[in-house]
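Coordinates as given in structure29.txt (compact mmCIF, C-alpha atoms):
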```txt
# COMPACT_ATOMS: atom_id res chain seq x y z
CA MET X 1142 42.19 26.75 -37.29
CA LYS X 1143 42.66 26.85 -33.55
CA ILE X 1144 45.28 24.27 -32.69
CA LEU X 1145 46.68 22.97 -29.42
CA VAL X 1146 50.38 22.11 -29.62
CA THR X 1147 51.66 20.25 -26.58
CA GLY X 1148 55.40 20.40 -25.97
CA ALA X 1149 55.44 23.79 -27.69
CA ALA X 1150 58.72 24.80 -26.01
CA GLY X 1151 60.37 21.63 -27.27
CA PHE X 1152 62.54 21.22 -30.35
CA ILE X 1153 59.87 19.91 -32.74
CA GLY X 1154 57.13 21.84 -30.95
CA MET X 1155 58.70 25.25 -31.49
CA HIS X 1156 59.37 24.67 -35.19
CA THR X 1157 55.88 23.25 -35.75
CA THR X 1158 54.25 26.18 -33.95
CA GLU X 1159 56.22 28.68 -36.04
CA ARG X 1160 54.94 27.05 -39.23
CA LEU X 1161 51.33 27.09 -38.02
CA LEU X 1162 51.55 30.74 -37.00
CA ALA X 1163 53.16 31.69 -40.30
CA ARG X 1164 50.20 30.33 -42.22
CA GLY X 1165 47.67 32.10 -39.97
CA ASP X 1166 46.53 29.44 -37.52
CA GLU X 1167 45.83 30.31 -33.89
CA VAL X 1168 48.02 28.24 -31.57
CA VAL X 1169 47.76 27.51 -27.87
CA GLY X 1170 51.13 26.15 -26.80
CA LEU X 1171 51.37 23.91 -23.75
CA ASP X 1172 54.57 22.88 -21.96
CA ASN X 1173 55.65 22.11 -18.39
CA LEU X 1174 59.20 23.48 -18.96
CA ASN X 1175 60.76 20.63 -16.99
CA ASP X 1176 64.49 20.35 -16.40
CA TYR X 1177 65.21 17.11 -18.30
CA TYR X 1178 67.53 19.43 -20.23
CA ASP X 1179 68.42 23.12 -19.91
CA PRO X 1180 65.14 25.00 -19.30
CA SER X 1181 66.74 28.23 -20.56
CA LEU X 1182 66.83 26.73 -24.07
CA LYS X 1183 63.10 26.09 -23.80
CA GLU X 1184 62.55 29.66 -22.63
CA ARG X 1185 64.54 30.98 -25.57
CA ARG X 1186 62.42 28.92 -27.95
CA LEU X 1187 59.28 30.34 -26.34
CA ALA X 1188 60.69 33.84 -26.75
CA ARG X 1189 60.55 33.29 -30.53
CA LEU X 1190 56.85 32.42 -30.32
CA ARG X 1191 55.49 34.91 -27.79
CA PRO X 1192 55.58 38.00 -30.08
CA HIS X 1193 53.05 36.38 -32.45
CA SER X 1194 49.52 37.68 -31.87
CA GLY X 1195 48.10 34.26 -32.69
CA PHE X 1196 50.09 32.48 -29.97
CA ARG X 1197 49.25 31.93 -26.29
CA PHE X 1198 51.35 29.90 -23.88
CA VAL X 1199 49.97 27.73 -21.08
CA LYS X 1200 52.38 26.26 -18.54
CA LEU X 1201 50.89 22.88 -17.74
CA ASP X 1202 51.93 19.25 -17.38
CA VAL X 1203 49.92 16.87 -19.57
CA ALA X 1204 49.87 14.46 -16.61
CA ASP X 1205 47.76 17.01 -14.70
CA ARG X 1206 44.34 15.52 -15.39
CA GLY X 1207 42.32 18.39 -13.95
CA GLY X 1208 44.41 21.02 -15.68
CA VAL X 1209 44.09 19.32 -19.07
CA GLU X 1210 40.34 18.89 -18.59
CA ARG X 1211 39.94 22.59 -17.80
CA LEU X 1212 42.06 23.60 -20.78
CA PHE X 1213 39.94 21.62 -23.24
CA ALA X 1214 36.73 22.81 -21.60
CA SER X 1215 37.73 26.48 -21.88
CA GLU X 1216 38.94 26.31 -25.47
CA ALA X 1217 37.44 25.02 -28.69
CA PHE X 1218 40.38 23.35 -30.40
CA ASP X 1219 39.84 22.31 -33.99
CA ARG X 1220 42.85 20.00 -33.97
CA VAL X 1221 45.59 18.87 -31.60
CA ILE X 1222 49.28 18.18 -32.21
CA HIS X 1223 50.56 16.21 -29.24
CA LEU X 1224 54.36 16.37 -28.99
CA ALA X 1225 54.81 16.59 -25.21
CA ALA X 1226 56.52 13.50 -23.81
CA GLN X 1227 59.36 12.36 -21.64
CA ALA X 1228 62.00 11.86 -24.30
CA GLY X 1229 65.16 9.80 -24.40
CA VAL X 1230 65.81 6.08 -24.68
CA ARG X 1231 68.68 5.88 -22.19
CA TYR X 1232 67.01 8.02 -19.52
CA SER X 1233 64.08 5.58 -19.46
CA LEU X 1234 66.40 3.03 -17.84
CA GLN X 1235 67.10 5.48 -15.01
CA ASN X 1236 63.70 7.07 -14.38
CA PRO X 1237 60.90 4.83 -15.70
CA HIS X 1238 58.16 6.55 -13.69
CA ALA X 1239 58.68 9.80 -15.62
CA TYR X 1240 57.72 7.93 -18.81
CA VAL X 1241 54.61 6.43 -17.27
CA ASP X 1242 53.46 9.83 -15.97
CA SER X 1243 54.10 11.84 -19.13
CA ASN X 1244 53.78 9.34 -21.95
CA LEU X 1245 50.94 7.17 -20.65
CA VAL X 1246 48.94 9.21 -18.13
CA GLY X 1247 49.53 12.37 -20.14
CA PHE X 1248 48.47 10.74 -23.38
CA VAL X 1249 45.18 9.41 -22.04
CA ASN X 1250 44.44 12.90 -20.69
CA ILE X 1251 44.90 14.30 -24.20
CA LEU X 1252 42.79 11.52 -25.73
CA GLU X 1253 39.99 12.23 -23.26
CA GLY X 1254 40.14 15.96 -24.01
CA CYS X 1255 39.87 15.27 -27.74
CA ARG X 1256 37.06 12.78 -27.23
CA HIS X 1257 34.86 14.97 -25.06
CA HIS X 1258 35.37 18.20 -26.97
CA ARG X 1259 34.92 17.02 -30.56
CA VAL X 1260 38.46 17.61 -31.79
CA ALA X 1261 38.51 16.87 -35.53
CA HIS X 1262 41.98 15.30 -35.64
CA LEU X 1263 44.71 14.31 -33.20
CA VAL X 1264 48.25 14.07 -34.56
CA TYR X 1265 50.75 12.69 -32.06
CA ALA X 1266 54.44 11.88 -31.86
CA SER X 1267 55.34 8.23 -31.96
CA SER X 1268 58.92 7.09 -32.57
CA SER X 1269 61.11 4.88 -34.73
CA SER X 1270 62.03 3.18 -31.46
CA VAL X 1271 58.79 1.17 -31.66
CA TYR X 1272 60.53 -1.09 -34.20
CA GLY X 1273 62.70 -2.34 -31.34
CA GLY X 1274 64.60 -5.50 -32.19
CA ASN X 1275 63.40 -5.63 -35.82
CA THR X 1276 66.24 -6.21 -38.29
CA LYS X 1277 64.39 -6.15 -41.65
CA MET X 1278 65.21 -2.85 -43.35
CA PRO X 1279 63.69 -0.46 -44.15
CA PHE X 1280 61.22 -0.36 -41.27
CA SER X 1281 57.65 -0.38 -42.58
CA GLU X 1282 54.36 0.53 -40.93
CA HIS X 1283 53.16 -2.90 -42.07
CA ASP X 1284 55.76 -4.66 -39.87
CA SER X 1285 54.96 -5.99 -36.42
CA VAL X 1286 56.29 -3.77 -33.62
CA ASP X 1287 55.77 -6.09 -30.69
CA HIS X 1288 59.36 -6.32 -29.44
CA PRO X 1289 60.42 -2.97 -27.91
CA VAL X 1290 63.87 -2.82 -26.31
CA SER X 1291 63.34 0.20 -24.03
CA LEU X 1292 60.54 1.48 -21.83
CA TYR X 1293 60.48 4.66 -23.93
CA ALA X 1294 59.71 2.56 -27.00
CA ALA X 1295 57.07 0.60 -25.09
CA THR X 1296 55.27 3.83 -24.11
CA LYS X 1297 55.24 4.97 -27.74
CA LYS X 1298 53.86 1.64 -28.88
CA ALA X 1299 51.27 1.96 -26.11
CA ASN X 1300 50.32 5.42 -27.43
CA GLU X 1301 49.55 3.90 -30.82
CA LEU X 1302 47.38 1.21 -29.22
CA MET X 1303 45.56 3.74 -27.06
CA ALA X 1304 44.96 6.00 -30.06
CA HIS X 1305 43.54 3.11 -32.06
CA THR X 1306 41.13 2.31 -29.24
CA TYR X 1307 39.79 5.87 -29.21
CA SER X 1308 39.57 5.91 -32.99
CA HIS X 1309 37.59 2.66 -32.89
CA LEU X 1310 35.30 3.45 -29.96
CA TYR X 1311 34.66 7.15 -30.48
CA GLY X 1312 35.46 7.81 -34.14
CA LEU X 1313 38.31 10.16 -33.18
CA PRO X 1314 40.65 10.52 -36.17
CA THR X 1315 44.21 9.90 -34.94
CA THR X 1316 47.53 9.91 -36.78
CA GLY X 1317 50.74 8.70 -35.16
CA LEU X 1318 54.05 9.86 -36.60
CA ARG X 1319 57.10 7.68 -36.09
CA PHE X 1320 59.95 10.19 -36.08
CA PHE X 1321 63.41 9.00 -37.08
CA THR X 1322 66.37 10.70 -35.28
CA VAL X 1323 65.39 14.35 -35.67
CA TYR X 1324 68.16 16.98 -35.81
CA GLY X 1325 68.64 20.62 -36.69
CA PRO X 1326 68.81 24.14 -35.21
CA TRP X 1327 67.35 24.53 -31.70
CA GLY X 1328 67.78 20.77 -31.20
CA ARG X 1329 67.90 18.85 -27.94
CA PRO X 1330 71.18 18.92 -25.96
CA ASP X 1331 70.92 15.18 -25.23
CA MET X 1332 71.00 14.24 -28.93
CA ALA X 1333 74.16 13.08 -30.74
CA LEU X 1334 74.66 16.11 -33.00
CA PHE X 1335 74.44 18.54 -30.10
CA LEU X 1336 76.68 16.41 -27.86
CA PHE X 1337 79.29 15.86 -30.57
CA THR X 1338 79.39 19.51 -31.66
CA ARG X 1339 79.75 20.78 -28.10
CA ALA X 1340 82.48 18.27 -27.19
CA ILE X 1341 84.53 18.85 -30.34
CA LEU X 1342 84.43 22.63 -29.93
CA GLU X 1343 85.43 22.27 -26.26
CA GLY X 1344 88.27 19.87 -27.11
CA ARG X 1345 86.71 16.92 -25.28
CA PRO X 1346 86.42 13.34 -26.59
CA ILE X 1347 83.09 12.11 -27.93
CA ASP X 1348 81.48 8.80 -26.90
CA VAL X 1349 80.93 6.59 -29.96
CA PHE X 1350 78.69 3.65 -29.11
CA ASN X 1351 78.76 0.17 -30.65
CA HIS X 1352 82.34 1.01 -31.62
CA GLY X 1353 80.98 3.23 -34.39
CA LYS X 1354 79.08 0.42 -36.12
CA MET X 1355 75.74 2.24 -36.10
CA LYS X 1356 73.43 3.51 -38.82
CA ARG X 1357 70.76 6.14 -38.27
CA ASP X 1358 68.09 7.59 -40.52
CA PHE X 1359 68.81 11.20 -39.52
CA THR X 1360 65.87 13.46 -40.41
CA TYR X 1361 66.14 17.23 -40.64
CA ILE X 1362 63.69 19.27 -38.57
CA ASP X 1363 62.11 21.12 -41.52
CA ASP X 1364 61.21 17.78 -43.11
CA ILE X 1365 59.66 16.58 -39.86
CA VAL X 1366 57.53 19.72 -39.60
CA GLU X 1367 56.41 19.42 -43.22
CA GLY X 1368 55.23 15.89 -42.48
CA VAL X 1369 53.41 17.00 -39.33
CA ILE X 1370 51.58 19.82 -41.13
CA ARG X 1371 50.63 17.73 -44.15
CA THR X 1372 49.22 14.90 -42.06
CA LEU X 1373 47.42 17.38 -39.78
CA ASP X 1374 45.64 18.76 -42.82
CA ARG X 1375 44.48 15.32 -43.95
CA PRO X 1376 42.73 13.59 -41.04
CA ALA X 1377 42.93 9.82 -40.78
CA SER X 1378 40.01 7.95 -42.29
CA PRO X 1379 38.82 4.32 -42.15
CA ASP X 1380 40.42 1.90 -44.61
CA ALA X 1381 37.67 -0.05 -46.39
CA THR X 1382 40.21 -2.61 -47.58
CA PHE X 1383 41.24 -3.66 -44.05
CA ASP X 1384 40.96 -7.44 -43.64
CA PRO X 1385 40.54 -8.60 -40.02
CA ASP X 1386 41.43 -12.16 -41.09
CA ARG X 1387 44.88 -10.86 -42.05
CA PRO X 1388 45.25 -7.71 -39.93
CA ASP X 1389 47.81 -5.22 -41.21
CA PRO X 1390 49.46 -3.16 -38.40
CA GLY X 1391 49.47 -0.13 -40.70
CA ARG X 1392 45.75 -0.23 -41.52
CA SER X 1393 42.43 -0.13 -39.67
CA ARG X 1394 38.69 0.07 -40.13
CA ALA X 1395 38.86 2.91 -37.62
CA PRO X 1396 39.99 6.46 -38.59
CA TYR X 1397 43.53 5.64 -37.52
CA ARG X 1398 46.89 5.87 -39.28
CA VAL X 1399 50.59 5.64 -38.44
CA PHE X 1400 53.38 6.95 -40.66
CA ASN X 1401 57.15 6.87 -40.69
CA ILE X 1402 58.83 10.24 -41.10
CA GLY X 1403 62.47 9.57 -41.94
CA ASN X 1404 65.00 10.44 -44.59
CA HIS X 1405 64.98 6.90 -46.06
CA ASP X 1406 68.76 7.25 -46.34
CA PRO X 1407 70.55 5.80 -43.29
CA VAL X 1408 74.00 7.19 -42.58
CA ASP X 1409 76.90 5.39 -40.92
CA LEU X 1410 77.63 6.98 -37.55
CA MET X 1411 81.29 7.48 -38.52
CA ASP X 1412 80.19 9.32 -41.69
CA PHE X 1413 77.87 11.49 -39.59
CA ILE X 1414 80.78 12.37 -37.30
CA ALA X 1415 82.94 13.10 -40.35
CA ALA X 1416 80.29 15.55 -41.61
CA ILE X 1417 80.38 17.39 -38.27
CA GLU X 1418 84.18 17.46 -38.33
CA ALA X 1419 84.14 18.87 -41.86
CA VAL X 1420 81.82 21.73 -40.93
CA LEU X 1421 83.71 22.52 -37.71
CA GLY X 1422 87.14 22.16 -39.32
CA ARG X 1423 88.27 20.04 -36.37
CA GLN X 1424 88.88 16.35 -35.74
CA ALA X 1425 87.11 14.61 -32.89
CA GLU X 1426 88.88 12.51 -30.31
CA LYS X 1427 86.76 9.35 -30.19
CA ASN X 1428 86.00 7.17 -27.19
CA PHE X 1429 84.67 3.89 -28.61
CA LEU X 1430 82.15 2.09 -26.38
CA PRO X 1431 79.82 -0.95 -26.58
CA LEU X 1432 76.19 -0.71 -27.66
CA GLN X 1433 74.10 0.81 -24.88
CA ASP X 1434 71.14 -1.02 -23.34
CA GLY X 1435 67.94 0.04 -25.10
CA ASP X 1436 69.77 1.13 -28.27
CA VAL X 1437 69.52 -0.52 -31.68
CA PRO X 1438 72.36 -0.72 -34.23
CA ALA X 1439 70.43 0.61 -37.23
CA THR X 1440 67.28 2.42 -38.34
CA CYS X 1441 65.86 3.11 -41.79
CA ALA X 1442 62.41 4.44 -42.67
CA ASP X 1443 60.20 3.20 -45.47
CA THR X 1444 58.37 6.43 -46.36
CA ALA X 1445 56.15 5.12 -49.17
CA GLU X 1446 53.00 5.38 -47.05
CA LEU X 1447 53.68 9.00 -46.07
CA ASP X 1448 54.42 9.91 -49.68
CA ALA X 1449 51.21 8.26 -50.88
CA TRP X 1450 49.10 9.92 -48.19
CA ALA X 1451 50.65 13.40 -48.01
CA GLY X 1452 52.63 13.70 -51.24
CA PHE X 1453 55.88 14.25 -49.37
CA ALA X 1454 59.03 12.43 -48.33
CA PRO X 1455 62.00 13.97 -46.42
CA ALA X 1456 65.16 14.53 -48.46
CA THR X 1457 67.47 17.06 -46.73
CA SER X 1458 71.09 15.90 -46.98
CA ILE X 1459 73.29 15.38 -43.94
CA ALA X 1460 75.83 17.93 -45.16
CA GLU X 1461 73.16 20.61 -45.50
CA GLY X 1462 71.40 19.80 -42.24
CA VAL X 1463 74.56 19.54 -40.15
CA GLY X 1464 75.83 22.82 -41.62
CA ARG X 1465 72.65 24.62 -40.60
CA PHE X 1466 72.83 23.19 -37.07
CA VAL X 1467 76.47 24.18 -36.56
CA ASN X 1468 75.78 27.71 -37.80
CA TRP X 1469 72.92 27.97 -35.30
CA TYR X 1470 75.03 26.50 -32.48
CA ARG X 1471 77.88 28.96 -33.06
CA ALA X 1472 75.48 31.90 -33.12
CA TYR X 1473 73.46 30.76 -30.10
CA TYR X 1474 76.47 30.11 -27.86
CA GLY X 1475 78.74 32.76 -29.37
CA VAL X 1476 81.41 30.18 -30.29
```

Go ahead and render the structure in this file as structure tokens.
Amino acid sequence: MKILVTGAAGFIGMHTTERLLARGDEVVGLDNLNDYYDPSLKERRLARLRPHSGFRFVKLDVADRGGVERLFASEAFDRVIHLAAQAGVRYSLQNPHAYVDSNLVGFVNILEGCRHHRVAHLVYASSSSVYGGNTKMPFSEHDSVDHPVSLYAATKKANELMAHTYSHLYGLPTTGLRFFTVYGPWGRPDMALFLFTRAILEGRPIDVFNHGKMKRDFTYIDDIVEGVIRTLDRPASPDATFDPDRPDPGRSRAPYRVFNIGNHDPVDLMDFIAAIEAVLGRQAEKNFLPLQDGDVPATCADTAELDAWAGFAPATSIAEGVGRFVNWYRAYYGV
């Protein structure tokens, strides 16, 4: 297939593109290479993709309506994996307009491209953050997600609503994937594992929010990619059992689905830090802080729907995943 991957120079984008190329798909990778974090890391990721004959890179911002229109008009994409977004919960408190431009304007540009050029399936990144203030664990696709606690989460919820509208009006099959705290080699420098590893190796204290009383459903990158590929290969279809008298948020008469992709095994933050310390052979100096605005104390994914649909559920252990990341980090930075 010929597949557009937006955010191809990103963490999940690079790994997903590598998997598609390895199985023989043709990939057009789009990214704006912004400086939200170190652009050189994005360039190094791209350097892994460029040698593949089936890969072409297009530097473009998804918020550029004309540019996106021209890209779709000049190509004949079979399917689209939309991963480009302004990431980060905490940054959304500082720069909300970046989230509107990338996550809302950019997303409607992608939807319009798919609509007008007969794309057979759009798979897009949603987020576990859509569960917001929910406290019932594990988080299920059948739960209401109407109480976001950050603008980032609100934009991801909006993406799901926008996708449903296009699925309903135009029959565009769309699948939203709610990623749960993704980590692994080539990860983002603003994520906890990267921040903790760097600080510990440099002998600096680490910031531990909510005084360490946090749980996260950490999900290893290879498991995320497996979920992306498997759902890409099975386009969303209408659910004949959907009952509009008792509407289920995880179902629709339109060709629309949303799935959690998480490890279904939440880990205490202090245990996560201990796993990093064990691999590094060093103890971290800890700076305990209150819960940050926009953060939630715990996440846990119910993955039954993903397993039923795609025959897969993530299962990489923290010890294994952290070990792989630290080995990559040491090699990449020569530490």

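Compared by their closest atoms to Leu1421 in chain X, and using only C-alpha atoms, the residues X:Ala1454, X:Leu1342, X:Leu1252, X:Cys1441 rank with X:Leu1342 nearest.
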
> If we count only C-alpha atoms, what is near Leu1162 in chain X at a cut-off of 8 Å, once residues fewer than 6 positions away on the same chain are taken out, given as an MDAnalysis selection string?
Replying inline: chainID X and resid 1168 1193 1195:1196

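If only C-alpha atoms are the atoms counted, then among X:Asn1275, X:Gln1235, X:Gln1433, X:Thr1338 the closest residue to Val1420 in chain X is X:Thr1338.
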
> So which residues touch Gly1247 in chain X within 8 Å, counting all atoms listed in the file, skipping near sequence neighbours fewer than 4 positions away, as an MDAnalysis selection string?
Replying inline: chainID X and resid 1202:1206 1226 1242:1243 1251

> Residues at most 9 Å from Ile1362 in chain X, counting only C-alpha atoms, excluding those fewer than 5 positions away in the same chain, as a VMD selection string?
Replying inline: chain X and resid 1152 to 1153 1156 1323 to 1326 1328 1367 1462

Can I get the selected residues back with C-alpha atoms, as a compact mmCIF listing (two decimals), keeping the file's coordinate frame?
```
# COMPACT_ATOMS: atom_id res chain seq x y z
CA PHE X 1152 62.54 21.22 -30.35
CA ILE X 1153 59.87 19.91 -32.74
CA HIS X 1156 59.37 24.67 -35.19
CA VAL X 1323 65.39 14.35 -35.67
CA TYR X 1324 68.16 16.98 -35.81
CA GLY X 1325 68.64 20.62 -36.69
CA PRO X 1326 68.81 24.14 -35.21
CA GLY X 1328 67.78 20.77 -31.20
CA GLU X 1367 56.41 19.42 -43.22
CA GLY X 1462 71.40 19.80 -42.24
```

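Between CA of Arg1387 in chain X and CA of Ala1442 in chain X the interatomic distance comes to 23.3 Å.
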
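Considering the residues X:Thr1158, X:Asn1351, X:Ser1233, X:Ser1270 and counting only C-alpha atoms, Asp1287 in chain X has its shortest atom-to-atom contact with X:Ser1270.
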
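Shortest separation to Glu1301 in chain X among X:Ile1370, X:Val1349, X:Val1408, X:Leu1318 occurs at residue X:Leu1318, atoms counted being all atoms listed in the file.
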
> To one decimal place, how far is CA of Val1467 in chain X from CA of Ala1188 in chain X in Å?
Replying inline: 20.9 Å

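For the choices X:Gln1424, X:Ser1378, X:Thr1444, X:Thr1316, the atom-to-atom distance to Leu1302 in chain X is smallest for X:Thr1316 when using all atoms listed in the file.
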
>> Using all atoms listed in the file for the distances, tell me which of X:Asp1443, X:Asp1179, X:Asp1172, X:Asp1219 is nearest to Arg1329 in chain X.
In response: X:Asp1179

>> One number please: CA of Ile1402 in chain X to CA of Pro1237 in chain X, in Å, one decimal.
In response: 26.1 Å
